[in-house]
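**Student:** Mind having a look at this structure? Questions to follow.
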Amino acid sequence: MYYERGFTDETLNHFEVGYGLDPYMKERLFFPIRDEEGQLVGLSGRRINQEDKGPKWIHSSHLTKRNLLFHLNSAKQSAILSHTILVVEGPVDCMRAHQEGWNNVVALLGHQVSDAQTLLFMKYAREIVIGLD
């Protein structure tokens with residue numbers, strides 16, 4: 001699925017994308033979710049087969065999405081240097097922007113911006129560009 005969308009091995013490896021089955025035995029691609037220091041705090045899994053019923057995304061039950069930004073641990077240095085952080089909706093959007101050369105991109109893991117996430121943006125950049133679909 002992701003090769004068909006033009007993702008490279010380099011991008012898939014950078015984001016540590018994995019393949020597996022969820023508790024409902026549906027095929028998913030899994031994305032490790034790390035905090036701003038790079039510690040693994042959970043997983044998000046995206047449905048591969050669009051014909052499968054059920055949620056498009058599942059997340060580790062203990063994951064508090066409103067306190068995290070996907071890819072911040074890798075993007076924060078570029079954000080500091082450029083004074084800008086690009087915010088997108090989810091991991092796939094983040095991967096695409098990164099593959100196109102945007103190293104200062106992070107994702108919300110959803111479509112709402114929390115106060116905690118806003119504080120994280122402001123910690124690393126003066127300008128925040130939000131691109132949600």
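The chains in the structure tokens are called A, B, ... from first to last as shown; in each chain the residues are counted from 1, and the ligands are counted from 1 in the order shown.
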Could you give me, as CSV, every segment 46-66 of chain A residue with an atom at most 12 Å from segment 101-108 of chain A, plus its closest atom pair and distance in Å to one decimal, counting only C-alpha atoms, rows ordered by chain then number?
**Tutor:**
residue,atom,partner,partner_atom,distance
A:Thr64,CA,A:Leu108,CA,11.3
A:Lys65,CA,A:Leu108,CA,7.6
A:Arg66,CA,A:Leu108,CA,7.8
**Student:** DSSP on the backbone, strand (DSSP E) only: what residues of segment 13-133 of chain A does that give? Format it as a PyMOL selection string.
**Tutor:** chain A and resi 18-21+27-34+40-47+57-59+84-88+105-107+127-131
**Student:** Taking only C-alpha atoms into account, name the residue in A:His111, A:Gly42, A:Leu119, A:Arg28 that is nearest to Lys56 of chain A.
**Tutor:**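 Residue with the minimum atom-to-atom distance to Lys56 of chain A: A:Arg28.
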**Student:** Give me the residues within 8 Å of Ala125 of chain A as an NGL selection string, counting only C-alpha atoms and dropping any in the same chain fewer than 2 places off.
**Tutor:** :A and (79-80 or 82-85 or 121-123 or 127-128)
**Student:** Near segment 2-11 of chain A, counting only C-alpha atoms, which residues have an atom at most 9 Å away, once you skip same-chain residues fewer than 3 positions from it, shown as a CSV table (one decimal) with N, CA and C atoms, in the first residue's frame?
**Tutor:**
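File selection-v6.csv, as written:
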chain,number,residue,atom,x,y,z
A,14,HIS,N,12.9,5.3,8.4
A,14,HIS,CA,13.1,6.4,9.3
A,14,HIS,C,11.9,6.5,10.3
A,15,PHE,N,10.7,6.2,9.8
A,15,PHE,CA,9.6,6.3,10.7
A,15,PHE,C,9.3,5.0,11.4
A,16,GLU,N,10.1,4.0,11.2
A,16,GLU,CA,10.0,2.7,11.8
A,16,GLU,C,8.7,2.0,11.7
A,17,VAL,N,8.1,2.1,10.4
A,17,VAL,CA,6.8,1.6,10.1
A,17,VAL,C,6.9,0.0,10.2
A,95,MET,N,4.8,11.7,7.2
A,95,MET,CA,5.8,10.9,6.4
A,95,MET,C,6.0,11.5,5.0
A,96,ARG,N,4.8,11.9,4.4
A,96,ARG,CA,4.9,12.5,3.0
A,96,ARG,C,5.6,13.8,3.0
A,98,HIS,N,7.8,14.8,5.2
A,98,HIS,CA,9.3,14.6,5.5
A,98,HIS,C,10.0,14.0,4.2
A,99,GLN,N,9.3,13.1,3.5
A,99,GLN,CA,9.9,12.6,2.3
A,99,GLN,C,10.2,13.7,1.3
**Student:** With distances taken over only C-alpha atoms, which residue among A:Gly54, A:Pro32, A:Gly38, A:Gly90 lies nearest Gln112 of chain A?
**Tutor:**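 For Gln112 of chain A, the nearest of the given residues is A:Gly90.
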**Student:** Give me the residues within 10 Å of Asp22 of chain A as a ChimeraX atom specification, counting only C-alpha atoms and dropping any in the same chain fewer than 4 places off.
**Tutor:** /A:26-30,45-47,58
**Student:** Residues of the last selection are to be written out with N, CA and C atoms, as a PDB file, in the first residue's frame.
**Tutor:**
ATOM      1  N   LYS A  26      -7.076  -7.820  11.855  1.00  0.00           N
ATOM      2  CA  LYS A  26      -7.060  -7.020  10.635  1.00  0.00           C
ATOM      3  C   LYS A  26      -5.625  -6.571  10.384  1.00  0.00           C
ATOM      4  N   GLU A  27      -5.231  -6.564   9.122  1.00  0.00           N
ATOM      5  CA  GLU A  27      -3.885  -6.117   8.757  1.00  0.00           C
ATOM      6  C   GLU A  27      -3.758  -4.613   8.977  1.00  0.00           C
ATOM      7  N   ARG A  28      -2.635  -4.217   9.578  1.00  0.00           N
ATOM      8  CA  ARG A  28      -2.386  -2.801   9.829  1.00  0.00           C
ATOM      9  C   ARG A  28      -0.907  -2.499   9.668  1.00  0.00           C
ATOM     10  N   LEU A  29      -0.642  -1.239   9.341  1.00  0.00           N
ATOM     11  CA  LEU A  29       0.715  -0.723   9.453  1.00  0.00           C
ATOM     12  C   LEU A  29       0.791  -0.021  10.793  1.00  0.00           C
ATOM     13  N   PHE A  30       1.848  -0.287  11.535  1.00  0.00           N
ATOM     14  CA  PHE A  30       2.002   0.284  12.865  1.00  0.00           C
ATOM     15  C   PHE A  30       3.117   1.317  12.883  1.00  0.00           C
ATOM     16  N   GLY A  45      -1.907   2.184  14.797  1.00  0.00           N
ATOM     17  CA  GLY A  45      -2.020   1.261  13.672  1.00  0.00           C
ATOM     18  C   GLY A  45      -3.057   1.738  12.674  1.00  0.00           C
ATOM     19  N   ARG A  46      -2.670   1.777  11.409  1.00  0.00           N
ATOM     20  CA  ARG A  46      -3.587   2.202  10.345  1.00  0.00           C
ATOM     21  C   ARG A  46      -4.038   1.002   9.537  1.00  0.00           C
ATOM     22  N   ARG A  47      -5.342   0.920   9.310  1.00  0.00           N
ATOM     23  CA  ARG A  47      -5.936  -0.141   8.508  1.00  0.00           C
ATOM     24  C   ARG A  47      -5.327  -0.113   7.106  1.00  0.00           C
ATOM     25  N   ILE A  58      -6.174   2.665  15.072  1.00  0.00           N
ATOM     26  CA  ILE A  58      -6.266   2.251  16.467  1.00  0.00           C
ATOM     27  C   ILE A  58      -4.983   2.713  17.154  1.00  0.00           C
TER      28      ILE A  58
END
**Student:** Near Gly131 of chain A, counting only C-alpha atoms, which residues have an atom at most 10 Å away, once you skip same-chain residues fewer than 6 positions from it, shown as a PDB file with N, CA, C and O atoms, in the first residue's frame?
**Tutor:**
ATOM      1  N   LEU A  86       5.923  22.732  11.076  1.00  0.00           N
ATOM      2  CA  LEU A  86       4.789  22.417  10.211  1.00  0.00           C
ATOM      3  C   LEU A  86       3.992  21.315  10.894  1.00  0.00           C
ATOM      4  O   LEU A  86       4.548  20.268  11.228  1.00  0.00           O
ATOM      5  N   VAL A  87       2.707  21.551  11.097  1.00  0.00           N
ATOM      6  CA  VAL A  87       1.837  20.619  11.811  1.00  0.00           C
ATOM      7  C   VAL A  87       0.823  20.041  10.839  1.00  0.00           C
ATOM      8  O   VAL A  87       0.099  20.791  10.167  1.00  0.00           O
ATOM      9  N   VAL A  88       0.770  18.708  10.751  1.00  0.00           N
ATOM     10  CA  VAL A  88      -0.190  18.020   9.900  1.00  0.00           C
ATOM     11  C   VAL A  88      -1.045  17.103  10.764  1.00  0.00           C
ATOM     12  O   VAL A  88      -0.820  16.976  11.964  1.00  0.00           O
ATOM     13  N   GLU A  89      -2.016  16.446  10.147  1.00  0.00           N
ATOM     14  CA  GLU A  89      -3.012  15.694  10.914  1.00  0.00           C
ATOM     15  C   GLU A  89      -2.512  14.364  11.466  1.00  0.00           C
ATOM     16  O   GLU A  89      -2.772  14.033  12.608  1.00  0.00           O
ATOM     17  N   ASP A  93       0.567  11.782   6.734  1.00  0.00           N
ATOM     18  CA  ASP A  93       0.814  13.141   6.236  1.00  0.00           C
ATOM     19  C   ASP A  93       2.222  13.592   6.612  1.00  0.00           C
ATOM     20  O   ASP A  93       2.926  14.224   5.815  1.00  0.00           O
ATOM     21  N   ALA A 107       3.003  15.630  13.540  1.00  0.00           N
ATOM     22  CA  ALA A 107       1.588  15.327  13.337  1.00  0.00           C
ATOM     23  C   ALA A 107       0.854  15.300  14.667  1.00  0.00           C
ATOM     24  O   ALA A 107       1.419  14.945  15.704  1.00  0.00           O
TER      25      ALA A 107
END
**Student:** I'd like to know which of A:Leu21, A:Val129, A:Val41, A:Ile33 is closest to Pro91 of chain A, using only C-alpha atoms.
**Tutor:**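 Between A:Leu21, A:Val129, A:Val41, A:Ile33, the residue approaching Pro91 of chain A most closely is A:Ile33.
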**Student:** Could you check which of A:Leu12, A:Ala75, A:Val113, A:Asp52 is closest to Leu132 of chain A, using only C-alpha atoms?
**Tutor:** A:Val113
**Student:** Would you list, as a list in words, the residues of segment 9-69 of chain A that end up in alpha helix (DSSP H) under DSSP run on this structure's backbone?
**Tutor:**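 After running DSSP on the backbone, segment 9-69 of chain A has alpha helix (DSSP H) at Asp9, Glu10, Thr11, Leu12, Asn13 and His14 of chain A.
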